[in-house]
>>> print(open('data04.cif').read())   # mmCIF, C-alpha atoms
data_input
#
loop_
_atom_site.label_atom_id
_atom_site.label_comp_id
_atom_site.auth_asym_id
_atom_site.auth_seq_id
_atom_site.Cartn_x
_atom_site.Cartn_y
_atom_site.Cartn_z
CA MET A 1 -8.40 -63.71 36.06
CA ALA A 2 -7.65 -60.67 38.23
CA VAL A 3 -4.32 -60.18 36.42
CA ALA A 4 -6.05 -60.41 33.05
CA ARG A 5 -8.60 -57.81 34.09
CA LEU A 6 -5.83 -55.51 35.31
CA GLN A 7 -4.00 -55.89 31.98
CA ILE A 8 -7.16 -55.06 30.04
CA ALA A 9 -7.85 -52.02 32.21
CA THR A 10 -4.26 -50.85 31.83
CA ALA A 11 -4.42 -51.28 28.05
CA LEU A 12 -7.66 -49.33 27.83
CA HIS A 13 -6.22 -46.53 29.94
CA ALA A 14 -3.11 -46.44 27.75
CA THR A 15 -4.81 -46.49 24.36
CA ILE A 16 -7.69 -44.07 24.88
CA PRO A 17 -6.11 -40.98 26.48
CA TYR A 18 -8.31 -38.48 24.63
CA SER A 19 -6.98 -35.62 26.71
CA HIS A 20 -3.54 -36.29 25.22
CA MET A 21 -4.62 -36.56 21.59
CA ARG A 22 -2.55 -34.52 19.16
CA ILE A 23 -5.36 -33.09 17.05
CA LEU A 24 -3.56 -30.97 14.50
CA PRO A 25 -5.52 -28.72 12.13
CA MET A 26 -4.69 -29.61 8.54
CA ASP A 27 -3.83 -27.06 5.88
CA ILE A 28 -5.57 -28.64 2.92
CA ASN A 29 -4.06 -26.16 0.44
CA GLY A 30 -1.27 -28.02 -1.35
CA SER A 31 -2.04 -31.32 0.37
CA VAL A 32 -2.65 -34.65 -1.37
CA VAL A 33 -6.07 -36.20 -0.78
CA LEU A 34 -6.94 -39.72 -1.91
CA VAL A 35 -10.69 -40.25 -2.38
CA THR A 36 -12.36 -43.62 -2.92
CA GLY A 37 -15.72 -43.89 -4.62
CA ALA A 38 -14.72 -40.83 -6.63
CA SER A 39 -16.67 -41.76 -9.76
CA SER A 40 -19.94 -40.25 -8.50
CA GLY A 41 -21.97 -38.96 -5.60
CA ILE A 42 -20.28 -38.02 -2.34
CA GLY A 43 -16.86 -39.21 -3.52
CA ALA A 44 -16.86 -37.08 -6.67
CA ALA A 45 -18.20 -34.08 -4.75
CA THR A 46 -15.49 -34.52 -2.11
CA ALA A 47 -12.79 -34.58 -4.77
CA ARG A 48 -14.16 -31.35 -6.22
CA ALA A 49 -14.39 -29.69 -2.80
CA ALA A 50 -10.85 -30.71 -1.88
CA SER A 51 -9.54 -29.47 -5.22
CA GLU A 52 -11.34 -26.15 -4.78
CA ALA A 53 -9.64 -25.84 -1.39
CA GLY A 54 -6.25 -26.18 -3.09
CA ALA A 55 -5.58 -29.90 -2.67
CA ARG A 56 -4.19 -32.31 -5.22
CA VAL A 57 -6.46 -35.32 -5.53
CA ALA A 58 -6.19 -38.98 -6.43
CA LEU A 59 -9.51 -40.27 -7.75
CA ILE A 60 -10.02 -43.94 -6.85
CA ALA A 61 -12.92 -45.94 -8.30
CA ARG A 62 -13.75 -48.87 -10.57
CA ARG A 63 -15.48 -46.82 -13.28
CA GLU A 64 -12.46 -45.57 -15.18
CA GLU A 65 -14.32 -43.39 -17.65
CA HIS A 66 -16.04 -41.45 -14.85
CA ILE A 67 -12.87 -40.68 -12.89
CA ARG A 68 -10.90 -39.80 -16.02
CA ARG A 69 -13.60 -37.31 -16.94
CA LEU A 70 -13.48 -35.82 -13.44
CA ALA A 71 -9.67 -35.63 -13.54
CA LEU A 72 -9.89 -33.65 -16.78
CA GLU A 73 -12.47 -31.36 -15.18
CA LEU A 74 -10.25 -30.69 -12.17
CA GLY A 75 -7.06 -30.38 -14.20
CA GLN A 76 -4.50 -33.08 -14.89
CA PRO A 77 -1.59 -31.46 -13.01
CA VAL A 78 -3.54 -31.59 -9.75
CA ALA A 79 -5.79 -34.63 -10.23
CA ILE A 80 -5.12 -38.20 -11.30
CA ALA A 81 -7.57 -40.98 -12.08
CA VAL A 82 -6.57 -44.38 -10.70
CA PRO A 83 -8.95 -47.22 -11.61
CA CYS A 84 -9.17 -49.51 -8.60
CA ASP A 85 -11.45 -52.05 -6.96
CA VAL A 86 -10.97 -51.14 -3.31
CA THR A 87 -11.85 -54.67 -2.19
CA ASP A 88 -8.78 -56.02 -4.03
CA ARG A 89 -5.59 -55.78 -1.96
CA THR A 90 -3.27 -55.79 -4.98
CA GLN A 91 -5.19 -53.01 -6.72
CA VAL A 92 -5.27 -50.96 -3.53
CA GLN A 93 -1.50 -51.20 -3.12
CA LYS A 94 -0.99 -50.21 -6.77
CA ALA A 95 -3.36 -47.24 -6.39
CA VAL A 96 -1.49 -45.97 -3.34
CA GLN A 97 1.86 -46.38 -5.11
CA ALA A 98 0.52 -44.55 -8.19
CA THR A 99 -0.49 -41.65 -5.93
CA ILE A 100 2.93 -41.57 -4.29
CA GLN A 101 4.65 -41.74 -7.68
CA LYS A 102 2.61 -38.79 -8.95
CA PHE A 103 2.55 -36.53 -5.89
CA GLY A 104 5.24 -37.88 -3.57
CA GLN A 105 2.98 -38.00 -0.51
CA ILE A 106 -0.49 -38.78 0.83
CA ASP A 107 -1.82 -36.36 3.42
CA ALA A 108 -5.44 -37.46 3.62
CA LEU A 109 -7.70 -40.39 2.80
CA VAL A 110 -11.45 -40.23 2.38
CA ASN A 111 -13.12 -43.65 2.35
CA SER A 112 -16.32 -42.86 0.49
CA ALA A 113 -16.90 -46.02 -1.58
CA GLY A 114 -19.91 -47.97 -0.36
CA GLN A 115 -23.12 -49.75 -1.25
CA GLY A 116 -26.45 -50.48 0.42
CA LEU A 117 -28.36 -53.69 1.04
CA GLN A 118 -32.10 -53.66 1.66
CA ALA A 119 -33.65 -56.88 2.95
CA SER A 120 -35.37 -58.22 6.04
CA ILE A 121 -33.21 -60.35 8.33
CA ASP A 122 -34.65 -63.64 7.06
CA ALA A 123 -34.21 -62.56 3.42
CA ILE A 124 -30.62 -61.25 3.53
CA ASP A 125 -28.61 -63.05 0.88
CA LEU A 126 -25.42 -64.10 2.65
CA ASP A 127 -23.26 -63.58 -0.43
CA ASP A 128 -24.67 -60.05 -0.76
CA PHE A 129 -23.98 -59.45 2.93
CA ARG A 130 -20.38 -60.60 2.58
CA SER A 131 -19.94 -58.28 -0.43
CA ILE A 132 -21.36 -55.34 1.52
CA LEU A 133 -19.04 -56.01 4.44
CA GLU A 134 -16.06 -56.24 2.08
CA LEU A 135 -16.86 -52.86 0.51
CA ASN A 136 -18.24 -50.91 3.48
CA LEU A 137 -15.98 -52.24 6.23
CA VAL A 138 -12.98 -54.26 5.04
CA ALA A 139 -12.06 -51.90 2.18
CA PRO A 140 -11.76 -48.78 4.41
CA LEU A 141 -9.49 -50.79 6.73
CA MET A 142 -7.43 -52.00 3.77
CA MET A 143 -7.08 -48.46 2.41
CA THR A 144 -6.12 -47.18 5.86
CA GLN A 145 -3.45 -49.83 6.26
CA ALA A 146 -2.08 -48.99 2.80
CA VAL A 147 -1.67 -45.25 3.46
CA LEU A 148 -0.53 -45.40 7.08
CA PRO A 149 3.17 -46.05 6.36
CA HIS A 150 3.30 -42.88 4.23
CA MET A 151 1.46 -40.80 6.85
CA ARG A 152 3.74 -42.11 9.57
CA LYS A 153 6.80 -41.00 7.63
CA GLN A 154 5.34 -37.48 7.70
CA ALA A 155 4.08 -37.85 11.30
CA ALA A 156 0.84 -36.34 10.03
CA GLY A 157 -2.30 -37.30 8.19
CA ALA A 158 -6.07 -37.29 8.21
CA ILE A 159 -8.53 -40.08 7.45
CA VAL A 160 -12.29 -39.67 7.10
CA ASN A 161 -14.57 -42.69 6.88
CA VAL A 162 -18.01 -42.05 5.43
CA GLY A 163 -20.67 -43.79 7.48
CA SER A 164 -24.41 -43.25 7.60
CA GLY A 165 -26.87 -41.66 9.97
CA ILE A 166 -28.93 -44.83 9.61
CA VAL A 167 -26.86 -46.33 12.45
CA TRP A 168 -28.93 -44.25 14.88
CA SER A 169 -32.17 -45.81 13.64
CA THR A 170 -33.70 -49.29 13.77
CA LEU A 171 -35.36 -49.34 10.38
CA PRO A 172 -36.77 -52.69 9.22
CA GLY A 173 -34.94 -53.86 6.10
CA SER A 174 -31.75 -51.94 6.86
CA GLY A 175 -30.11 -54.51 9.15
CA ALA A 176 -27.26 -55.59 6.87
CA TYR A 177 -26.33 -52.09 5.71
CA SER A 178 -26.70 -50.60 9.20
CA ALA A 179 -24.52 -53.35 10.66
CA SER A 180 -21.73 -52.61 8.18
CA LYS A 181 -21.79 -48.90 8.99
CA ALA A 182 -22.07 -49.45 12.75
CA ALA A 183 -18.99 -51.68 12.58
CA LEU A 184 -17.18 -48.97 10.60
CA GLN A 185 -18.12 -46.44 13.27
CA LYS A 186 -16.50 -48.57 15.99
CA LEU A 187 -13.44 -49.30 13.85
CA THR A 188 -13.04 -45.57 13.21
CA ALA A 189 -13.24 -44.67 16.90
CA ILE A 190 -10.62 -47.24 17.85
CA ALA A 191 -8.32 -46.22 14.99
CA ARG A 192 -8.61 -42.63 16.20
CA ALA A 193 -7.53 -43.66 19.70
CA GLU A 194 -4.66 -45.84 18.46
CA LEU A 195 -3.23 -43.20 16.11
CA ALA A 196 -3.83 -40.23 18.38
CA GLY A 197 -0.21 -39.85 19.41
CA GLU A 198 1.18 -40.02 15.87
CA GLY A 199 -0.31 -36.85 14.46
CA ILE A 200 -2.84 -38.84 12.40
CA THR A 201 -6.52 -38.07 12.95
CA VAL A 202 -9.31 -40.48 12.06
CA SER A 203 -12.82 -39.08 11.79
CA MET A 204 -16.32 -40.24 10.88
CA MET A 205 -18.84 -38.53 8.64
CA PHE A 206 -22.53 -39.37 9.08
CA PRO A 207 -24.51 -38.20 6.05
CA SER A 208 -28.28 -38.21 5.88
CA ILE A 209 -30.18 -39.06 2.71
CA THR A 210 -28.19 -37.58 -0.16
CA GLU A 211 -29.11 -36.82 -3.77
CA THR A 212 -27.01 -39.52 -5.41
CA GLU A 213 -27.47 -42.75 -7.36
CA PHE A 214 -26.97 -44.70 -4.12
CA VAL A 215 -30.52 -45.94 -3.50
CA GLY A 216 -30.83 -47.22 -7.07
CA THR A 217 -27.73 -49.38 -6.69
CA VAL A 218 -28.54 -51.15 -3.42
CA ARG A 219 -28.46 -54.91 -3.32
CA GLY A 220 -31.73 -56.65 -2.53
CA ASP A 221 -35.01 -54.72 -2.51
CA VAL A 222 -34.39 -51.48 -4.42
CA GLU A 223 -38.05 -50.43 -4.34
CA GLY A 224 -38.18 -51.12 -0.61
CA ALA A 225 -35.16 -48.86 -0.14
CA ARG A 226 -36.87 -46.11 -2.15
CA ARG A 227 -40.01 -46.42 -0.03
CA MET A 228 -37.99 -46.25 3.18
CA GLU A 229 -36.28 -43.04 2.03
CA THR A 230 -39.59 -41.46 1.07
CA ALA A 231 -41.24 -42.46 4.34
CA SER A 232 -38.40 -41.01 6.43
CA GLY A 233 -39.56 -37.45 5.88
CA LEU A 234 -35.94 -36.31 5.58
CA VAL A 235 -35.02 -33.69 3.00
CA PRO A 236 -32.13 -35.02 0.89
CA HIS A 237 -28.85 -33.15 1.06
CA SER A 238 -26.76 -32.37 -1.98
CA PRO A 239 -23.47 -34.26 -2.37
CA LYS A 240 -21.74 -30.88 -2.06
CA ASN A 241 -23.16 -30.36 1.44
CA VAL A 242 -21.69 -33.70 2.51
CA ALA A 243 -18.39 -32.98 0.74
CA ASP A 244 -18.02 -29.61 2.46
CA ALA A 245 -18.54 -31.31 5.83
CA ILE A 246 -15.92 -33.93 4.97
CA VAL A 247 -13.39 -31.27 3.98
CA GLY A 248 -14.23 -29.52 7.25
CA LEU A 249 -13.33 -32.71 9.13
CA LEU A 250 -10.03 -33.00 7.24
CA LYS A 251 -9.19 -29.44 8.21
CA SER A 252 -10.27 -29.60 11.87
CA GLY A 253 -9.45 -33.18 12.84
CA ALA A 254 -12.72 -33.36 14.80
CA ALA A 255 -13.96 -36.83 15.72
CA GLN A 256 -17.14 -36.68 13.66
CA ALA A 257 -19.70 -34.60 11.81
CA ASP A 258 -23.25 -35.31 10.73
CA LEU A 259 -26.03 -33.91 8.59
CA LEU A 260 -29.00 -35.30 10.52
CA PRO A 261 -31.66 -33.32 12.37
CA GLU A 262 -31.62 -33.59 16.15
CA GLU A 263 -34.85 -35.60 16.19
CA PHE A 264 -33.09 -38.30 14.18
CA GLY A 265 -30.06 -38.39 16.48
CA GLY A 266 -27.94 -35.78 14.71
CA THR A 267 -26.87 -32.25 15.52
CA LEU A 268 -28.77 -30.18 12.94
CA LYS A 269 -31.30 -27.90 14.58
CA SER A 270 -34.68 -27.65 12.88
#
>>> encode(input="data04.cif", output="structure tokens")
Amino acid sequence: MAVARLQIATALHATIPYSHMRILPMDINGSVVLVTGASSGIGAATARAASEAGARVALIARREEHIRRLALELGQPVAIAVPCDVTDRTQVQKAVQATIQKFGQIDALVNSAGQGLQASIDAIDLDDFRSILELNLVAPLMMTQAVLPHMRKQAAGAIVNVGSGIVWSTLPGSGAYSASKAALQKLTAIARAELAGEGITVSMMFPSITETEFVGTVRGDVEGARRMETASGLVPHSPKNVADAIVGLLKSGAAQADLLPEEFGGTLKS
């Protein structure tokens, strides 16, 4: 038992040397950024913000018409639309290969695709919960695993996972969604530590309530989700505000950013 504890302690010391992290600022101009959930909301806004900063973008989402329209808006030479269900391993691999074929590299990944689930603990539909975990937690891991070989070849890269400020609250009805985002937060922190010495930064974005279609697409109690948002007293942010913060994380390599007021656990001063 003592040997096992020593091995665990040694492993922890070896894998989390934050003082030795190679946090390299990223020049987003001319880079290739792959964005999931790019058909609307935060994902679409992030693709626009990255493009405006000079990046070439791969738009990943299931709704083909939406991403093709956005690709035309951004300009076909610098944007491609790749229809993809990010919970499907085969489609994810094909989307990454399509990006490499078009641009020859992948410098950054933004995992923005996600969905909510509003239900009390006793009313959570287990099939809905599994679907939420697949999209909010497993898919970002799958996307990360798919792009890592290409980033390792370059010895550089940036990954941003989009979480939620709800993880700092204990709101009734949000248990399933909060659990998926809390798990993503931990996964992100460990990935950051593991990849620290390879020139690849992994960061977490914590948005607040955002003016998107998100709340209308939650599984479970949509009206309950709307009431919870209204009762929060938070002023919704625009998708552009979130996108600008995400691009800031790509550039800086910082561990995280948020758009929550201090009284809700964030860093925004009132």
>>> closest_residue(input="data04.cif", among="A:Ser164, A:Thr267, A:Ser208, A:Asn111", to="Ala44 of chain A", atoms="only C-alpha atoms")
A:Asn111
>>> atom_distance(input="data04.cif", atom1="atom CA of Leu148 of chain A", atom2="atom CA of Pro207 of chain A")
25.1 Å
>>> resolve_selection(input="data04.cif", expression="the PyMOL selection byres ((chain A and resi 227) around 12)", output="list of chain:residue names")
A:Gln118, A:Leu171, A:Pro172, A:Gly173, A:Val215, A:Gly216, A:Asp221, A:Val222, A:Glu223, A:Gly224, A:Ala225, A:Arg226, A:Met228, A:Glu229, A:Thr230, A:Ala231, A:Ser232, A:Gly233
>>> closest_residue(input="data04.cif", among="A:Glu65, A:Ser112, A:Gly43, A:Met143", to="Val86 of chain A", atoms="all atoms listed in the file")
A:Met143
>>> closest_residue(input="data04.cif", among="A:Gln93, A:Thr46, A:Thr87, A:Ser120", to="Gly175 of chain A", atoms="only C-alpha atoms")
A:Ser120
>>> residues_near_point(input="data04.cif", point="(-12.0, -32.6, -7.5)", cutoff="9 Å", atoms="only C-alpha atoms", output="MDAnalysis selection string")
chainID A and resid 38 44:52 55:59 70:71 73:75 78:79
>>> residues_near_point(input="data04.cif", point="(-21.9, -32.6, -2.8)", cutoff="7 Å", atoms="all atoms listed in the file", output="ChimeraX atom specification")
/A:41-42,45-46,238-243
>>> closest_residue(input="data04.cif", among="A:Val147, A:Ala182, A:Leu268, A:Ala196", to="Leu133 of chain A", atoms="all atoms listed in the file")
A:Ala182
>>> residues_around(input="data04.cif", residues="Gly163 of chain A", least_positions_apart="6", cutoff="10 Å", atoms="only C-alpha atoms", output="VMD selection string")
chain A and resid 111 to 112 114 136 to 137 178 180 to 185 188 204 to 208 258
>>> atom_distance(input="data04.cif", atom1="atom CA of Glu64 of chain A", atom2="atom CA of Ala139 of chain A")
18.5 Å
>>> resolve_selection(input="data04.cif", expression="the PyMOL selection byres ((chain A and resi 144) around 12)", output="count of residues only")
42
>>> closest_residue(input="data04.cif", among="A:Phe214, A:Gly165, A:Leu260, A:Leu135", to="Ser40 of chain A", atoms="only C-alpha atoms")
A:Phe214
